[in-house]
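K.L.:
Just one file: protein.cif, with mmCIF, C-alpha atoms.
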data_query
#
loop_
_atom_site.label_atom_id
_atom_site.label_comp_id
_atom_site.auth_asym_id
_atom_site.auth_seq_id
_atom_site.Cartn_x
_atom_site.Cartn_y
_atom_site.Cartn_z
CA MET Z 85 34.53 -14.41 58.88
CA SER Z 86 33.68 -10.74 59.03
CA VAL Z 87 32.51 -9.58 62.43
CA LYS Z 88 30.02 -10.97 64.94
CA LEU Z 89 28.57 -8.98 67.81
CA THR Z 90 26.91 -10.53 70.86
CA THR Z 91 25.26 -8.20 73.32
CA ARG Z 92 24.65 -8.99 77.00
CA GLN Z 93 23.60 -6.94 79.98
CA VAL Z 94 25.63 -6.89 83.21
CA GLY Z 95 23.70 -4.67 85.60
CA ASP Z 96 23.27 -1.36 83.83
CA VAL Z 97 26.29 -1.94 81.59
CA THR Z 98 25.81 -3.27 78.07
CA VAL Z 99 28.68 -5.55 77.14
CA ILE Z 100 29.22 -6.13 73.42
CA ASP Z 101 31.42 -9.12 72.67
CA VAL Z 102 33.04 -8.50 69.30
CA ALA Z 103 34.57 -11.36 67.31
CA GLY Z 104 36.24 -11.41 63.90
CA ARG Z 105 37.53 -8.66 61.65
CA ILE Z 106 36.59 -4.99 61.92
CA THR Z 107 37.51 -3.78 58.45
CA LEU Z 108 36.06 -1.49 55.81
CA GLY Z 109 32.75 -2.85 54.59
CA GLU Z 110 30.54 -5.17 56.58
CA GLY Z 111 32.77 -5.33 59.64
CA SER Z 112 32.86 -1.61 60.32
CA SER Z 113 29.22 -0.99 59.35
CA VAL Z 114 27.97 -3.70 61.73
CA LEU Z 115 29.83 -2.01 64.57
CA ARG Z 116 28.56 1.44 63.53
CA ASP Z 117 24.94 0.22 63.45
CA ALA Z 118 25.32 -1.41 66.87
CA MET Z 119 26.65 1.82 68.39
CA ARG Z 120 23.80 3.87 66.92
CA ASP Z 121 21.30 1.29 68.13
CA MET Z 122 22.72 1.51 71.68
CA VAL Z 123 22.49 5.29 71.71
CA SER Z 124 18.94 5.27 70.30
CA LYS Z 125 17.94 2.90 73.12
CA ASN Z 126 19.52 5.28 75.62
CA GLN Z 127 22.13 2.73 76.67
CA LYS Z 128 24.76 4.96 78.20
CA LYS Z 129 27.25 2.47 79.63
CA ILE Z 130 28.85 0.39 76.92
CA LEU Z 131 31.76 -1.99 77.25
CA LEU Z 132 33.24 -3.27 73.98
CA ASN Z 133 34.95 -6.60 74.53
CA LEU Z 134 37.50 -6.88 71.71
CA GLY Z 135 39.11 -10.09 73.00
CA ASP Z 136 38.15 -12.11 69.92
CA VAL Z 137 38.92 -9.42 67.35
CA SER Z 138 41.52 -10.91 65.03
CA TYR Z 139 42.09 -7.89 62.82
CA ILE Z 140 41.23 -4.22 62.68
CA ASP Z 141 42.11 -1.73 59.94
CA SER Z 142 42.05 2.07 59.85
CA SER Z 143 38.34 2.00 59.03
CA GLY Z 144 37.72 -0.17 62.10
CA ILE Z 145 39.77 2.21 64.22
CA GLY Z 146 37.63 5.02 62.81
CA GLU Z 147 34.49 3.17 63.88
CA LEU Z 148 35.82 2.79 67.42
CA VAL Z 149 36.50 6.53 67.51
CA SER Z 150 33.08 7.27 66.02
CA GLY Z 151 31.37 5.05 68.59
CA PHE Z 152 33.35 6.68 71.40
CA THR Z 153 32.36 10.16 70.23
CA THR Z 154 28.70 9.26 69.64
CA VAL Z 155 28.28 7.63 73.04
CA THR Z 156 30.22 10.36 74.88
CA ASN Z 157 28.24 13.13 73.17
CA SER Z 158 25.01 11.46 74.27
CA GLY Z 159 26.18 11.64 77.88
CA GLY Z 160 27.35 8.04 78.10
CA ALA Z 161 30.66 6.21 78.26
CA LEU Z 162 32.20 3.65 75.93
CA LYS Z 163 35.10 1.61 77.28
CA LEU Z 164 37.26 -1.13 75.79
CA LEU Z 165 38.03 -4.56 77.23
CA ASN Z 166 40.53 -7.31 76.42
CA LEU Z 167 42.63 -5.79 73.65
CA ASN Z 168 44.96 -8.30 72.05
CA LYS Z 169 48.54 -7.24 71.32
CA ARG Z 170 47.86 -6.19 67.73
CA VAL Z 171 44.87 -4.02 68.56
CA LYS Z 172 46.71 -2.54 71.54
CA ASP Z 173 49.75 -1.76 69.35
CA LEU Z 174 47.52 -0.09 66.76
CA LEU Z 175 45.84 2.10 69.36
CA GLN Z 176 49.23 2.99 70.79
CA ILE Z 177 50.85 4.04 67.51
CA THR Z 178 47.76 6.08 66.60
CA LYS Z 179 47.87 7.71 70.09
CA LEU Z 180 44.34 6.52 70.79
CA TYR Z 181 45.26 4.17 73.63
CA THR Z 182 45.06 6.99 76.14
CA VAL Z 183 41.87 8.41 74.59
CA PHE Z 184 39.95 5.23 75.37
CA ASP Z 185 39.41 3.85 78.86
CA VAL Z 186 40.94 0.39 78.37
CA HIS Z 187 40.48 -2.53 80.78
CA GLU Z 188 41.87 -6.05 81.00
CA ASP Z 189 39.43 -7.38 83.58
CA GLU Z 190 35.69 -7.43 82.94
CA ALA Z 191 34.62 -7.16 86.57
CA GLY Z 192 36.88 -4.17 87.08
CA ALA Z 193 35.65 -2.60 83.86
CA ILE Z 194 32.02 -3.02 84.96
CA ARG Z 195 32.79 -1.45 88.36
CA SER Z 196 34.49 1.52 86.68
CA PHE Z 197 31.16 2.64 85.21
CA ALA Z 198 29.69 3.20 88.70
CA MET V 932 62.88 -10.07 60.39
CA GLN V 933 64.56 -13.29 59.46
CA GLU V 934 67.29 -14.36 57.10
CA ASN V 935 66.11 -16.19 53.99
CA ALA V 936 69.14 -17.41 52.09
CA SER V 937 67.30 -19.90 49.84
CA HIS V 938 64.61 -17.57 48.58
CA THR V 939 63.50 -17.79 44.95
CA PRO V 940 62.73 -14.39 43.38
CA GLU V 941 59.03 -14.05 42.63
CA THR V 942 56.74 -11.51 40.98
CA ILE V 943 52.96 -11.29 40.87
CA GLU V 944 51.08 -8.73 38.80
CA ARG V 945 47.32 -8.25 38.60
CA PHE V 946 44.79 -5.73 37.32
CA LEU V 947 42.13 -5.81 40.00
CA ASP V 948 38.51 -4.65 39.89
CA SER V 949 37.68 -1.60 42.00
CA THR V 950 35.88 -3.59 44.68
CA LEU V 951 36.42 -4.43 48.34
CA GLU V 952 36.86 -8.07 47.30
CA SER V 953 40.02 -6.94 45.50
CA VAL V 954 41.34 -5.65 48.81
CA ASP V 955 41.08 -9.15 50.28
CA SER V 956 42.63 -10.71 47.14
CA ALA V 957 45.58 -8.31 47.13
CA GLU V 958 46.24 -8.86 50.82
CA GLU V 959 46.05 -12.63 50.39
CA LEU V 960 48.39 -12.67 47.35
CA ALA V 961 51.01 -10.45 48.97
CA VAL V 962 50.94 -12.09 52.39
CA GLY V 963 51.28 -15.51 50.72
CA MET V 964 54.35 -14.32 48.83
CA ALA V 965 55.83 -12.71 51.95
CA GLN V 966 55.29 -15.97 53.80
CA ARG V 967 57.13 -17.91 51.09
CA ALA V 968 59.90 -15.31 51.29
CA GLY V 969 60.36 -16.10 54.97
CA MET V 970 58.76 -13.04 56.56
CA ASP V 971 57.99 -13.47 60.25
CA GLU V 972 54.50 -13.20 61.79
CA ASP V 973 54.76 -9.53 62.74
CA GLY V 974 56.09 -8.68 59.29
CA LEU V 975 53.22 -10.56 57.64
CA MET V 976 50.69 -8.63 59.69
CA GLN V 977 52.36 -5.33 58.85
CA ILE V 978 52.58 -6.08 55.12
CA GLY V 979 48.98 -7.30 55.09
CA MET V 980 47.69 -4.18 56.75
CA ALA V 981 49.82 -1.79 54.66
CA ILE V 982 48.60 -3.43 51.44
CA ARG V 983 45.04 -3.46 52.67
CA GLU V 984 45.15 0.27 53.42
CA SER V 985 46.82 1.04 50.07
CA VAL V 986 44.35 -0.96 47.98
CA VAL V 987 41.43 0.52 49.92
CA ASN V 988 42.77 3.97 49.03
CA ALA V 989 43.04 2.97 45.36
CA VAL V 990 39.56 1.40 45.22
CA VAL V 991 37.67 3.90 47.38
CA HIS V 992 39.43 7.25 47.02
CA GLY V 993 41.20 6.73 43.68
CA ASN V 994 38.86 4.74 41.45
CA ARG V 995 35.76 5.45 43.58
CA TYR V 996 34.53 1.87 43.05
CA SER V 997 34.25 2.50 39.28
CA ALA V 998 33.55 -0.66 37.30
CA HIS V 999 35.50 0.92 34.42
CA LYS V 1000 38.71 1.45 36.37
CA LYS V 1001 41.31 -1.05 37.51
CA VAL V 1002 43.82 -1.19 40.31
CA HIS V 1003 47.29 -2.17 39.11
CA PHE V 1004 48.89 -4.39 41.72
CA ALA V 1005 52.44 -5.72 41.43
CA VAL V 1006 54.48 -7.49 44.09
CA THR V 1007 58.12 -8.49 43.81
CA SER V 1008 60.26 -10.38 46.24
CA ASP V 1009 63.97 -10.66 45.42
CA GLY V 1010 65.12 -12.32 48.61
CA ARG V 1011 66.32 -9.06 50.16
CA ARG V 1012 63.26 -6.89 49.93
CA PHE V 1013 59.59 -7.11 49.28
CA THR V 1014 58.28 -4.39 46.96
CA VAL V 1015 54.63 -3.64 46.23
CA ARG V 1016 53.32 -1.17 43.66
CA ILE V 1017 49.67 -0.18 43.68
CA GLY V 1018 48.29 2.21 41.06
CA ASP V 1019 44.81 3.57 40.50
CA GLU V 1020 43.13 5.39 37.61
CA GLY V 1021 41.63 8.16 39.71
CA GLU V 1022 41.94 11.91 39.68
CA GLY V 1023 44.94 11.99 42.02
CA PHE V 1024 45.06 13.98 45.22
CA ASP V 1025 47.21 16.44 47.10
CA PHE V 1026 49.51 14.35 49.29
CA ASN V 1027 50.34 17.38 51.39
CA ALA V 1028 46.69 17.89 52.25
CA ILE V 1029 46.55 14.78 54.42
CA PRO V 1030 46.20 16.00 58.01
CA ASP V 1031 48.53 14.62 60.69
CA PRO V 1032 46.40 11.95 62.44
CA LEU V 1033 48.54 12.26 65.58
CA ALA V 1034 47.90 15.98 66.04
CA PRO V 1035 45.72 16.49 69.13
CA GLU V 1036 43.02 18.23 67.11
CA ASN V 1037 42.84 15.24 64.72
CA LEU V 1038 42.89 12.36 67.21
CA LEU V 1039 39.12 11.98 67.19
CA ARG V 1040 38.77 12.11 63.41
CA THR V 1041 37.10 8.97 62.12
CA SER V 1042 39.34 8.71 59.03
CA GLY V 1043 42.77 9.71 57.76
CA ARG V 1044 44.97 7.10 59.46
CA GLY V 1045 45.59 4.79 56.49
CA ILE V 1046 48.73 6.39 55.07
CA PHE V 1047 50.12 6.91 58.55
CA LEU V 1048 49.74 3.18 59.25
CA ILE V 1049 51.36 2.26 55.92
CA ARG V 1050 54.36 4.50 56.70
CA SER V 1051 54.58 2.99 60.19
CA PHE V 1052 54.61 -0.60 58.96
CA MET V 1053 56.85 -0.42 55.89
CA ASP V 1054 60.55 0.40 55.57
CA ASP V 1055 59.91 2.75 52.67
CA PHE V 1056 56.80 4.33 51.22
CA GLN V 1057 56.60 6.57 48.14
CA MET V 1058 53.63 8.15 46.39
CA ARG V 1059 53.63 9.66 42.93
CA ARG V 1060 51.15 11.11 40.51
CA LEU V 1061 50.97 9.06 37.31
CA GLU V 1062 51.10 10.80 33.95
CA SER V 1063 47.74 9.21 33.21
CA GLY V 1064 46.34 11.06 36.22
CA GLY V 1065 46.09 8.34 38.83
CA THR V 1066 48.22 7.73 41.88
CA GLU V 1067 50.85 5.04 42.40
CA VAL V 1068 52.26 4.05 45.75
CA THR V 1069 55.37 1.94 46.27
CA LEU V 1070 55.78 0.03 49.52
CA VAL V 1071 59.03 -1.67 50.51
CA LYS V 1072 59.68 -4.06 53.37
CA ASN V 1073 63.19 -5.40 53.92
CA LEU V 1074 63.35 -9.17 54.22
CA VAL V 1075 66.83 -9.19 55.71
CA SER V 1076 68.48 -6.76 58.08
CA THR V 1077 70.47 -4.15 56.23
#
Using the file provided, produce a representation of the structure as structure tokens.

P.N.:
Amino acid sequence: MSVKLTTRQVGDVTVIDVAGRITLGEGSSVLRDAMRDMVSKNQKKILLNLGDVSYIDSSGIGELVSGFTTVTNSGGALKLLNLNKRVKDLLQITKLYTVFDVHEDEAGAIRSFA
Amino acid sequence: MQENASHTPETIERFLDSTLESVDSAEELAVGMAQRAGMDEDGLMQIGMAIRESVVNAVVHGNRYSAHKKVHFAVTSDGRRFTVRIGDEGEGFDFNAIPDPLAPENLLRTSGRGIFLIRSFMDDFQMRRLESGGTEVTLVKNLVST
């Protein structure tokens, strides 16, 4: 399986549930398109739920950074939810863990956008 | 890392097309061999990712997806270490020109983390320019504690 995105709205926060592999090719382009779509629709509060992401490569990390920059530059905020150990380790060794606002609890993450 | 006293030495060599499908094939072949060699789960993930990043570099940056160029992929496991060689037929590049992805000014770059991840996950990593003009990388992961 490559990657599957499911979008839902919780108040004014758009939650994107991401499942599968975010790797060079389809996985990273699907995520890139979703981020651009959110920004074009003026969705400014985006929570990426990575709980079901089994694998992410450097291209996938690049897409997370790109999404973060795109959303932030448009005046919005992109936050991460439910990182598994591997994704968390990757963000830590690349020093990106502190760049992103990372949450383990969805309700708390939603409240943090207020 | 775990001890693997009964390991049978094994070598796999392939000339892969310059496609993203080759990235999956290379990862699958190497991880399968590492598994047979007794590598633990974390080691398998690290080898898989390091190979993935290396073959992506060969396919995308080296051979630029050319249908006329191959990626040379060779994996050897001798019971003590797991060695992978990946060569492309590209133009080569300046290794010293790769910016430090951990430098504050580079943290928000959307690319340039591949080689850093490979170095992080493997016990040894070497790059060399081939006489034919391409680039070859050698990745080593120890199977037993040294």

K.L.:
Set the distance at 9 Å and use all atoms listed in the file: which residues neighbour segment 971-982 of chain V once local chain neighbours fewer than 5 positions away are removed? I'd like the list as a PyMOL selection string.

P.N.:
(chain Z and resi 140-142+170) or (chain V and resi 932-933+954+957-959+961-963+965-966+987+1015+1017+1045-1046+1048-1053+1070+1072+1074)

K.L.:
Only residues of chain V matter here; which ones have an atom within 6 Å of chain Z, counting all atoms listed in the file? Give them as a ChimeraX atom specification.

P.N.:
/V:1041-1042,1044-1045

K.L.:
Compile the contact shell of Thr154 of chain Z as a ChimeraX atom specification: residues with an atom at most 9 Å away, counting all atoms listed in the file, same-chain residues fewer than 5 positions apart removed.

P.N.:
/Z:119-120,123,149,159-160

K.L.:
Dump C-alpha atoms for the selected residues as an mmCIF file, in the coordinates of the input?

P.N.:
data_model
loop_
_atom_site.group_PDB
_atom_site.id
_atom_site.type_symbol
_atom_site.label_atom_id
_atom_site.label_comp_id
_atom_site.auth_asym_id
_atom_site.auth_seq_id
_atom_site.Cartn_x
_atom_site.Cartn_y
_atom_site.Cartn_z
ATOM 1 C CA MET Z 119 26.650 1.820 68.390
ATOM 2 C CA ARG Z 120 23.800 3.870 66.920
ATOM 3 C CA VAL Z 123 22.490 5.290 71.710
ATOM 4 C CA VAL Z 149 36.500 6.530 67.510
ATOM 5 C CA GLY Z 159 26.180 11.640 77.880
ATOM 6 C CA GLY Z 160 27.350 8.040 78.100
#

K.L.:
If the PyMOL selection byres ((chain Z and resi 128-136) around 6) is run on the structure shown, which residues does it catch, given as a list in words?

P.N.:
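For this structure, the PyMOL selection byres ((chain Z and resi 128-136) around 6) resolves to Val97, Thr98, Val99, Ile100, Asp101, Val102, Ala103, Asn126, Gln127, Val137, Gly160, Ala161, Leu162, Lys163, Leu164, Leu165, Asn166 and Leu167 of chain Z.
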
K.L.:
Calculate how many Å separate atom CA of Val186 of chain Z from atom CA of Ser985 of chain V, rounding to one decimal.

P.N.:
28.9 Å

K.L.:
Select, counting all atoms listed in the file, all protein, DNA and RNA residues no farther than 12 Å from (51.3, -7.5, 36.5) in file coordinates, and express the selection as a list in words.

P.N.:
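The requested residues, written out, are Glu941, Thr942, Ile943, Glu944, Arg945, Phe946, Leu947, Lys1001, Val1002, His1003, Phe1004, Ala1005, Val1006, Thr1007, Val1015, Arg1016, Ile1017 and Gly1018 of chain V.
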
K.L.:
One decimal, in Å: what's the spacing between atom CA of Thr90 of chain Z and atom CA of Gly104 of chain Z?

P.N.:
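Result for atom CA of Thr90 of chain Z versus atom CA of Gly104 of chain Z: 11.7 Å, one decimal.
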
K.L.:
How many Å lie between atom CA of Val990 of chain V and atom CA of Gly1065 of chain V, rounded to one decimal?

P.N.:
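Atom-to-atom, atom CA of Val990 of chain V and atom CA of Gly1065 of chain V are spaced 11.5 Å apart.
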
K.L.:
Which one of Z:Asn168, Z:Gly95, Z:Val87, Z:Phe197 sits closest to Arg116 of chain Z if you count only C-alpha atoms?

P.N.:
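Result for the nearest residue to Arg116 of chain Z: Z:Val87.
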
K.L.:
For the structure provided, state which residues fall under the PyMOL selection byres ((chain V and resi 1064) around 12), and present them as a list in words.

P.N.:
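Evaluating the PyMOL selection byres ((chain V and resi 1064) around 12) on these coordinates yields Gly993, Asn994, Gly1018, Asp1019, Glu1020, Gly1021, Glu1022, Gly1023, Phe1024, Arg1059, Arg1060, Leu1061, Glu1062, Ser1063, Gly1065, Thr1066 and Glu1067 of chain V.
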
K.L.:
If you apply the PyMOL selection byres ((chain V and resi 1030) around 12) to this file, what residues do you get, as a PyMOL selection string?

P.N.:
chain V and resi 1025-1029+1031-1038+1040+1042-1047

K.L.:
For Ala968 of chain V, which residue among V:Arg995, V:Ser956, V:Ser1008, V:Leu1039 is the nearest when counting all atoms listed in the file?

P.N.:
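For Ala968 of chain V, the nearest of the given residues is V:Ser1008.
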
K.L.:
Calculated over all atoms listed in the file, which of the candidates Z:Ile106, Z:Val94, Z:Met122, Z:Leu89 has the smallest distance to Glu190 of chain Z?

P.N.:
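Smallest distance to Glu190 of chain Z is found for Z:Val94.
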
K.L.:
Since the input is missing atoms for segment 174-195 of chain Z, could you rebuild it with N, CA and C atoms and give the result as a CSV table (one decimal), in the frame of the given file?

P.N.:
chain,number,residue,atom,x,y,z
Z,174,LEU,N,48.1,-1.0,67.7
Z,174,LEU,CA,47.5,-0.1,66.8
Z,174,LEU,C,47.0,1.2,67.5
Z,175,LEU,N,46.4,0.9,68.6
Z,175,LEU,CA,45.8,2.1,69.4
Z,175,LEU,C,47.0,2.9,69.9
Z,176,GLN,N,48.1,2.2,70.2
Z,176,GLN,CA,49.2,3.0,70.8
Z,176,GLN,C,49.9,3.8,69.7
Z,177,ILE,N,50.1,3.3,68.5
Z,177,ILE,CA,50.8,4.0,67.5
Z,177,ILE,C,50.0,5.2,67.0
Z,178,THR,N,48.7,5.0,67.1
Z,178,THR,CA,47.8,6.1,66.6
Z,178,THR,C,47.4,7.1,67.7
Z,179,LYS,N,48.1,6.8,68.9
Z,179,LYS,CA,47.9,7.7,70.1
Z,179,LYS,C,46.4,7.7,70.6
Z,180,LEU,N,45.7,6.6,70.3
Z,180,LEU,CA,44.3,6.5,70.8
Z,180,LEU,C,44.2,5.7,72.1
Z,181,TYR,N,45.3,5.1,72.4
Z,181,TYR,CA,45.3,4.2,73.6
Z,181,TYR,C,44.9,5.0,74.9
Z,182,THR,N,45.4,6.2,75.0
Z,182,THR,CA,45.1,7.0,76.1
Z,182,THR,C,43.7,7.8,76.0
Z,183,VAL,N,43.2,7.8,74.8
Z,183,VAL,CA,41.9,8.4,74.6
Z,183,VAL,C,40.8,7.5,75.2
Z,184,PHE,N,40.9,6.2,74.9
Z,184,PHE,CA,40.0,5.2,75.4
Z,184,PHE,C,40.3,4.8,76.8
Z,185,ASP,N,39.2,4.5,77.5
Z,185,ASP,CA,39.4,3.8,78.9
Z,185,ASP,C,39.5,2.3,78.6
Z,186,VAL,N,40.7,1.8,78.7
Z,186,VAL,CA,40.9,0.4,78.4
Z,186,VAL,C,41.1,-0.5,79.6
Z,187,HIS,N,40.4,-1.6,79.6
Z,187,HIS,CA,40.5,-2.5,80.8
Z,187,HIS,C,40.9,-3.9,80.3
Z,188,GLU,N,41.5,-4.7,81.3
Z,188,GLU,CA,41.9,-6.0,81.0
Z,188,GLU,C,41.0,-7.0,81.8
Z,189,ASP,N,40.2,-6.5,82.7
Z,189,ASP,CA,39.4,-7.4,83.6
Z,189,ASP,C,38.0,-6.9,83.5
Z,190,GLU,N,37.1,-7.8,83.2
Z,190,GLU,CA,35.7,-7.4,82.9
Z,190,GLU,C,35.0,-6.9,84.2
Z,191,ALA,N,35.3,-7.6,85.3
Z,191,ALA,CA,34.6,-7.2,86.6
Z,191,ALA,C,35.1,-5.7,86.9
Z,192,GLY,N,36.4,-5.5,86.8
Z,192,GLY,CA,36.9,-4.2,87.1
Z,192,GLY,C,36.3,-3.1,86.1
Z,193,ALA,N,36.2,-3.5,84.9
Z,193,ALA,CA,35.6,-2.6,83.9
Z,193,ALA,C,34.2,-2.2,84.2
Z,194,ILE,N,33.4,-3.3,84.6
Z,194,ILE,CA,32.0,-3.0,85.0
Z,194,ILE,C,31.9,-2.1,86.2
Z,195,ARG,N,32.8,-2.3,87.2
Z,195,ARG,CA,32.8,-1.4,88.4
Z,195,ARG,C,33.2,0.0,88.0
